[in-house]
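Enquirer: Quick one: the structure is below, questions incoming.
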Amino acid sequence: MTKPKVFLTRRWPLACEKRLLDHFDVTLNEDNHPLTPAELKAALRDYDAVLPTVSDALPQEVLSVEPLRCRMLGNFGVGFNHIDLETAKARAITVTNTPDVLTECTADIAMLLLLMAARRASEGERLVRSGQWAGWHPNHLLGTQVTGKTLGLVGFGRIAKAMATKAHFGFGMPILVYAPRPVPIADLERFGARQMESLEALLESSDIVSLHCPGSAANRHLINAERLAMMKPEAILINTARGDLIDSQALIEALRHRHLAAAGLDVYEGEPRLDPDFLTLDNVALLPHLGSATLETRTAMGMKVIDNLEAFFKGAIPTNRVA
């Protein structure tokens, strides 16, 4: 029986690629370059399944390619706002994602950014590497104590709960939550957390705010100039969710004029082409989208994509179908 033809848009951990090659007719992106819209269209024309990542934009214009052969998009990642789901549904393309397996890893990065921003770690490392460190003195690189500070979580899904566990039980941080729907009392009681009635109330009351909500048209620039102005001037903003949740220029202005003490970012609008003004600021910690970047997690993500792929081509409904 002919194996389904499958295209990987980027290279995966070797164990995942081996499993794919054992069960499917696989084409790899051998040099691992970012694909152009034209290359993505060609893949949709030529393969039964395409396995994209968060960096592969699949808007209506790309998904409307003719003739269309692709019947499944097995997304390597939990977020799928880079895929036009309505067009995928209209064209009978099944879309899956990889929830559950990257929760702890991404929460670790959120905590890392929190600590880096609060304790000015990026500035300190640059100072040491540049050879400009002149030695210890009492007022050198004074940051903000993390233990006991109030953490506001925007969104309260798996990753936010994992961060709440690390922050509350590891650093004694009181937890505030904003979510569009009521959070079960048991989930709040576990951390002694309080659900705020509005995002604005959370921003005004938190020492550190961490974003854990999905990317969407409704959430674009959720954190804008007006809402940044509601935060305490000594507050810190962390984003490991989606870059377009924050108005980049508004955040840059707030950081530049010290209306906000610091920020820690793992995701950006238009990444990897982040706003170059971020690079001029000392009070922002910048990471290159490392949220799920451990071998264990990325391997688990790939295996979940393959589970969904195998189910689809056996005629079953994939466990992680989103469209």
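The chains in the structure tokens are called A, B, ... from first to last as shown; in each chain the residues are counted from 1, and the ligands are counted from 1 in the order shown.
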Would you pick out the contacts of Gly155 (chain A) at 10 Å or less, using only C-alpha atoms, so that residues sharing its chain but fewer than 5 positions from it are not included, and give the list as an MDAnalysis selection string?

Expert: chainID A and resid 160:161 177:181 183 199 210:214

Enquirer: Mind dumping the selected residues with C-alpha atoms as a compact mmCIF listing (two decimals), in the first residue's frame?

Expert:
```txt
# COMPACT_ATOMS: atom_id res chain seq x y z
CA ALA A 160 -0.30 29.65 33.90
CA LYS A 161 -1.16 27.06 36.57
CA VAL A 177 -5.78 35.75 38.06
CA TYR A 178 -7.66 37.31 35.20
CA ALA A 179 -9.58 34.98 32.89
CA PRO A 180 -12.65 35.68 30.73
CA ARG A 181 -14.62 32.90 32.44
CA VAL A 183 -12.11 29.85 37.38
CA LEU A 199 -7.80 42.84 33.37
CA SER A 210 2.72 37.29 33.11
CA LEU A 211 0.73 36.68 29.92
CA HIS A 212 -0.69 33.21 29.26
CA CYS A 213 -3.56 33.79 26.84
CA PRO A 214 -3.91 32.62 23.23
```

Enquirer: Among region 98-229 of chain A, which ones does DSSP place in strand (DSSP E or B), written as a VMD selection string?

Expert: chain A and resid 151 to 154 175 to 178 194 to 195 208 to 211 223

Enquirer: Please produce a file of the residues just selected, as a compact mmCIF listing (two decimals), in the first residue's frame, where the atoms kept are C-alpha atoms.

Expert:
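Saved as again_30.txt:
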```txt
# COMPACT_ATOMS: atom_id res chain seq x y z
CA LEU A 151 2.10 37.79 40.51
CA GLY A 152 -0.78 38.54 38.15
CA LEU A 153 -1.55 35.84 35.58
CA VAL A 154 -3.48 36.82 32.45
CA ILE A 175 -1.36 34.97 42.93
CA LEU A 176 -3.96 37.08 41.12
CA VAL A 177 -5.78 35.75 38.06
CA TYR A 178 -7.66 37.31 35.20
CA ARG A 194 -7.94 35.54 43.75
CA GLN A 195 -9.71 36.02 40.43
CA ILE A 208 4.66 41.23 38.11
CA VAL A 209 2.27 40.40 35.25
CA SER A 210 2.72 37.29 33.11
CA LEU A 211 0.73 36.68 29.92
CA ILE A 223 -1.52 45.09 26.43
```

Enquirer: Using only C-alpha atoms, which of the listed residues (A:Ala110, A:Leu251, A:Val305, A:Ala323) sits closest to Ala90 (chain A)?

Expert: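 Between A:Ala110, A:Leu251, A:Val305, A:Ala323, the residue approaching Ala90 (chain A) most closely is A:Ala323.
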
Enquirer: How many Å lie between CA of Pro288 (chain A) and CA of Lys166 (chain A), rounded to one decimal?

Expert: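 So the answer is 22.2 Å.
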
Enquirer: With a distance cut-off of 10 Å and only C-alpha atoms, select the neighbouring residues of region 58-73 of chain A, excluding the residue or stretch itself and same-chain residues fewer than 4 positions from it, and output the selection as an MDAnalysis selection string.

Expert: chainID A and resid 5:7 37:54 80:88 90:97 305 308:309 312:313 321 323

Enquirer: Filtering to C-alpha atoms, could you give me those residues as a PDB file, in the first residue's frame?

Expert:
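File written: selection08.pdb
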```pdb
ATOM      1  CA  LYS A   5       3.368  11.722   1.383  1.00  0.00           C
ATOM      2  CA  VAL A   6       4.347  14.006   4.266  1.00  0.00           C
ATOM      3  CA  PHE A   7       6.377  17.223   4.273  1.00  0.00           C
ATOM      4  CA  PRO A  37       4.767  31.422   1.058  1.00  0.00           C
ATOM      5  CA  ALA A  38       5.522  29.998  -2.405  1.00  0.00           C
ATOM      6  CA  GLU A  39       7.242  26.973  -0.864  1.00  0.00           C
ATOM      7  CA  LEU A  40       4.346  26.402   1.526  1.00  0.00           C
ATOM      8  CA  LYS A  41       1.909  26.550  -1.398  1.00  0.00           C
ATOM      9  CA  ALA A  42       3.999  24.000  -3.271  1.00  0.00           C
ATOM     10  CA  ALA A  43       3.918  21.674  -0.255  1.00  0.00           C
ATOM     11  CA  LEU A  44       0.123  21.980  -0.033  1.00  0.00           C
ATOM     12  CA  ARG A  45      -0.122  21.058  -3.720  1.00  0.00           C
ATOM     13  CA  ASP A  46       2.269  18.106  -3.571  1.00  0.00           C
ATOM     14  CA  TYR A  47       1.790  16.348  -0.225  1.00  0.00           C
ATOM     15  CA  ASP A  48      -0.996  14.541   1.627  1.00  0.00           C
ATOM     16  CA  ALA A  49       0.040  16.126   4.927  1.00  0.00           C
ATOM     17  CA  VAL A  50       2.171  19.131   5.841  1.00  0.00           C
ATOM     18  CA  LEU A  51       3.646  19.454   9.327  1.00  0.00           C
ATOM     19  CA  PRO A  52       4.180  23.182  10.044  1.00  0.00           C
ATOM     20  CA  THR A  53       5.571  25.057  13.015  1.00  0.00           C
ATOM     21  CA  VAL A  54       4.584  28.355  14.630  1.00  0.00           C
ATOM     22  CA  PHE A  80      -2.270  27.677  16.001  1.00  0.00           C
ATOM     23  CA  ASN A  81      -3.098  31.329  15.370  1.00  0.00           C
ATOM     24  CA  HIS A  82      -0.658  31.254  12.432  1.00  0.00           C
ATOM     25  CA  ILE A  83      -3.134  28.983  10.608  1.00  0.00           C
ATOM     26  CA  ASP A  84      -6.388  30.335   9.141  1.00  0.00           C
ATOM     27  CA  LEU A  85      -8.702  27.729  10.664  1.00  0.00           C
ATOM     28  CA  GLU A  86     -11.794  28.932   8.838  1.00  0.00           C
ATOM     29  CA  THR A  87     -10.131  28.486   5.464  1.00  0.00           C
ATOM     30  CA  ALA A  88      -8.759  25.107   6.559  1.00  0.00           C
ATOM     31  CA  ALA A  90     -13.739  25.279   4.289  1.00  0.00           C
ATOM     32  CA  ARG A  91     -11.156  23.306   2.339  1.00  0.00           C
ATOM     33  CA  ALA A  92     -11.623  20.151   4.452  1.00  0.00           C
ATOM     34  CA  ILE A  93      -8.097  20.261   5.862  1.00  0.00           C
ATOM     35  CA  THR A  94      -7.821  18.696   9.305  1.00  0.00           C
ATOM     36  CA  VAL A  95      -5.612  20.687  11.726  1.00  0.00           C
ATOM     37  CA  THR A  96      -4.054  19.298  14.912  1.00  0.00           C
ATOM     38  CA  ASN A  97      -1.806  20.704  17.627  1.00  0.00           C
ATOM     39  CA  VAL A 305       2.074  15.161  15.892  1.00  0.00           C
ATOM     40  CA  ASN A 308      -2.354  12.513  15.281  1.00  0.00           C
ATOM     41  CA  LEU A 309      -1.021  11.826  11.790  1.00  0.00           C
ATOM     42  CA  PHE A 312      -5.885  10.537  10.630  1.00  0.00           C
ATOM     43  CA  PHE A 313      -4.581   8.207   7.935  1.00  0.00           C
ATOM     44  CA  ARG A 321      -7.873  18.025  16.321  1.00  0.00           C
ATOM     45  CA  ALA A 323     -10.205  22.039  12.940  1.00  0.00           C
TER      46      ALA A 323
END
```

Enquirer: Would you mind writing down, as an MDAnalysis selection string, each residue of region 54-229 of chain A that DSSP on the backbone assigns to alpha helix (DSSP H)?

Expert: chainID A and resid 60:63 85:90 103:118 121:129 158:171 185:191 199:205 225:228

Enquirer: Would you kindly return, as a list of chain:residue names, each protein, DNA or RNA residue with an atom no farther than 10 Å from any atom of Leu102 (chain A), considering only C-alpha atoms and excluding same-chain residues fewer than 2 positions away?

Expert: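 Surrounding residues, per the criterion: A:Gly77, A:Val78, A:Thr98, A:Pro99, A:Asp100, A:Glu104, A:Cys105, A:Thr106, A:Ala107, A:Arg158, A:Ile159, A:Gly291, A:Ser292, A:Ala293, A:Thr294, A:Glu296, A:Thr297, A:Arg298, A:Ala300, A:Met301.
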
Enquirer: Could you write those residues out with N, CA and C atoms, as a CSV table (one decimal), in the first residue's frame?

Expert:
```csv
chain,number,residue,atom,x,y,z
A,77,GLY,N,3.3,22.3,17.7
A,77,GLY,CA,3.2,23.4,18.7
A,77,GLY,C,1.7,23.5,19.2
A,78,VAL,N,1.5,24.1,20.3
A,78,VAL,CA,0.2,24.1,20.9
A,78,VAL,C,-0.6,25.3,20.3
A,98,THR,N,-0.4,20.3,19.6
A,98,THR,CA,0.4,19.5,20.5
A,98,THR,C,0.2,20.0,21.9
A,99,PRO,N,-1.0,19.9,22.5
A,99,PRO,CA,-1.1,20.4,23.9
A,99,PRO,C,-0.5,19.5,24.9
A,100,ASP,N,-0.5,19.9,26.2
A,100,ASP,CA,-0.1,19.1,27.4
A,100,ASP,C,1.4,18.9,27.5
A,104,GLU,N,5.2,22.5,31.5
A,104,GLU,CA,6.2,22.8,32.5
A,104,GLU,C,7.4,23.5,31.9
A,105,CYS,N,7.8,23.1,30.7
A,105,CYS,CA,8.9,23.8,30.0
A,105,CYS,C,8.7,25.3,29.8
A,106,THR,N,7.5,25.6,29.3
A,106,THR,CA,7.2,27.0,29.1
A,106,THR,C,7.1,27.8,30.4
A,107,ALA,N,6.5,27.2,31.4
A,107,ALA,CA,6.4,27.8,32.7
A,107,ALA,C,7.8,28.1,33.3
A,158,ARG,N,-3.1,25.7,31.4
A,158,ARG,CA,-2.1,24.7,32.0
A,158,ARG,C,-0.8,25.4,32.3
A,159,ILE,N,-0.3,26.3,31.4
A,159,ILE,CA,1.0,26.9,31.6
A,159,ILE,C,0.9,27.9,32.8
A,291,GLY,N,10.5,28.8,24.8
A,291,GLY,CA,9.5,28.2,25.7
A,291,GLY,C,9.6,26.7,25.8
A,292,SER,N,9.5,26.0,24.7
A,292,SER,CA,9.5,24.6,24.7
A,292,SER,C,10.8,23.9,24.4
A,293,ALA,N,11.9,24.7,24.4
A,293,ALA,CA,13.2,24.3,23.9
A,293,ALA,C,14.0,23.4,24.8
A,294,THR,N,13.5,22.2,25.1
A,294,THR,CA,14.3,21.1,25.6
A,294,THR,C,14.1,19.9,24.7
A,296,GLU,N,13.6,16.9,25.6
A,296,GLU,CA,12.5,16.1,26.0
A,296,GLU,C,11.1,16.6,25.5
A,297,THR,N,10.9,17.9,25.6
A,297,THR,CA,9.7,18.5,25.2
A,297,THR,C,9.5,18.5,23.7
A,298,ARG,N,10.5,18.9,23.0
A,298,ARG,CA,10.4,18.9,21.5
A,298,ARG,C,10.2,17.5,21.0
A,300,ALA,N,8.6,15.1,22.6
A,300,ALA,CA,7.2,14.7,22.9
A,300,ALA,C,6.3,15.4,22.0
A,301,MET,N,6.6,16.7,21.6
A,301,MET,CA,5.7,17.4,20.7
A,301,MET,C,5.7,16.7,19.3
```

Enquirer: Counting only C-alpha atoms, which of A:Val322, A:Leu245, A:Met303, A:Met163 gets nearest to His221 (chain A)?

Expert: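 Answer, going by the shortest atom-to-atom distance: A:Leu245.
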
Enquirer: Give me, as JSON, numbers by chain, all polymer residues having an atom no more than 8 Å from region 167-173 of chain A, counting only C-alpha atoms and skipping those fewer than 3 positions away in the same chain.

Expert: {"A": [111, 146, 147, 148, 149, 150, 151, 163, 164, 191]}

Enquirer: So that I have them on file, write out the residues from the current selection with N, CA and C atoms, as a PDB file, in the first residue's frame.

Expert:
```pdb
ATOM      1  N   MET A 111       9.319  31.765  34.365  1.00  0.00           N
ATOM      2  CA  MET A 111       9.975  32.052  35.644  1.00  0.00           C
ATOM      3  C   MET A 111      11.402  32.552  35.431  1.00  0.00           C
ATOM      4  N   VAL A 146      12.099  39.094  44.358  1.00  0.00           N
ATOM      5  CA  VAL A 146      10.988  38.345  43.786  1.00  0.00           C
ATOM      6  C   VAL A 146      10.114  37.726  44.877  1.00  0.00           C
ATOM      7  N   THR A 147      10.733  37.145  45.876  1.00  0.00           N
ATOM      8  CA  THR A 147       9.989  36.461  46.933  1.00  0.00           C
ATOM      9  C   THR A 147       8.975  37.409  47.578  1.00  0.00           C
ATOM     10  N   GLY A 148       7.736  36.948  47.628  1.00  0.00           N
ATOM     11  CA  GLY A 148       6.674  37.715  48.276  1.00  0.00           C
ATOM     12  C   GLY A 148       5.974  38.725  47.396  1.00  0.00           C
ATOM     13  N   LYS A 149       6.450  38.932  46.188  1.00  0.00           N
ATOM     14  CA  LYS A 149       5.796  39.885  45.293  1.00  0.00           C
ATOM     15  C   LYS A 149       4.520  39.269  44.711  1.00  0.00           C
ATOM     16  N   THR A 150       3.562  40.118  44.367  1.00  0.00           N
ATOM     17  CA  THR A 150       2.276  39.654  43.831  1.00  0.00           C
ATOM     18  C   THR A 150       2.395  39.407  42.331  1.00  0.00           C
ATOM     19  N   LEU A 151       2.043  38.187  41.909  1.00  0.00           N
ATOM     20  CA  LEU A 151       2.103  37.794  40.506  1.00  0.00           C
ATOM     21  C   LEU A 151       0.694  37.787  39.920  1.00  0.00           C
ATOM     22  N   MET A 163       3.042  27.870  36.230  1.00  0.00           N
ATOM     23  CA  MET A 163       3.814  29.010  36.727  1.00  0.00           C
ATOM     24  C   MET A 163       3.358  29.395  38.134  1.00  0.00           C
ATOM     25  N   ALA A 164       2.053  29.354  38.375  1.00  0.00           N
ATOM     26  CA  ALA A 164       1.542  29.660  39.712  1.00  0.00           C
ATOM     27  C   ALA A 164       2.134  28.710  40.748  1.00  0.00           C
ATOM     28  N   PHE A 191      -3.783  27.698  45.267  1.00  0.00           N
ATOM     29  CA  PHE A 191      -2.710  28.686  45.384  1.00  0.00           C
ATOM     30  C   PHE A 191      -3.089  29.854  46.296  1.00  0.00           C
TER      31      PHE A 191
END
```

Enquirer: Given only C-alpha atoms as the basis, pick out the residue of A:Arg10, A:His289, A:Arg258, A:Arg273 nearest to Asn75 (chain A).

Expert: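 Answer, going by the shortest atom-to-atom distance: A:Arg10.
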
Enquirer: Tell me, counting only C-alpha atoms, for each residue of region 23-133 of chain A within 10 Å of region 276-287 of chain A, which pair of atoms is nearest and how far apart they are in Å to one decimal, in rows ordered by chain and increasing number, as a tab-separated table.

Expert:
```
residue	atom	partner	partner_atom	distance
A:Ile109	CA	A:Leu287	CA	9.1
A:Leu112	CA	A:Ala285	CA	9.7
A:Leu113	CA	A:Ala285	CA	6.6
A:Leu114	CA	A:Ala285	CA	8.8
A:Leu115	CA	A:Ala285	CA	9.6
A:Met116	CA	A:Ala285	CA	6.4
A:Ala117	CA	A:Ala285	CA	5.7
A:Ala118	CA	A:Asn283	CA	9.2
A:Arg120	CA	A:Asn283	CA	7.3
A:Ala121	CA	A:Ala285	CA	8.0
A:Ser122	CA	A:Ala285	CA	6.0
A:Glu123	CA	A:Asp282	CA	6.4
A:Arg126	CA	A:Asp282	CA	9.9
```

Enquirer: Could you name the residues that touch Arg227 (chain A) at 12 Å or less, counting only C-alpha atoms, but leaving out those on the same chain fewer than 5 positions away, as a list in words?

Expert: Ser198, Leu199, Glu200, Ala201, Leu202, Leu203, Glu204, Val209, His221, Leu222, Lys232, Leu237, Leu245, Ile246, Asp247, Ala250, Leu251, Ala254, His259 and Leu260 of chain A

Enquirer: Of the candidates A:Leu20, A:Leu14, A:Leu8, A:Asp56, which shows the shortest atom-to-atom distance to Glu310 (chain A), using only C-alpha atoms?

Expert: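 Smallest distance to Glu310 (chain A) is found for A:Leu20.
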
Enquirer: Rounded to one decimal place, report the CA of Leu21 (chain A)-CA of Pro318 (chain A) distance in Å.

Expert: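 Value for the CA of Leu21 (chain A)-CA of Pro318 (chain A) distance: 19.7 Å.
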
Enquirer: Just the number, please: distance in Å from CA of Val101 (chain A) to CA of Gly79 (chain A), one decimal.

Expert: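 Between CA of Val101 (chain A) and CA of Gly79 (chain A) the gap works out to 12.5 Å.
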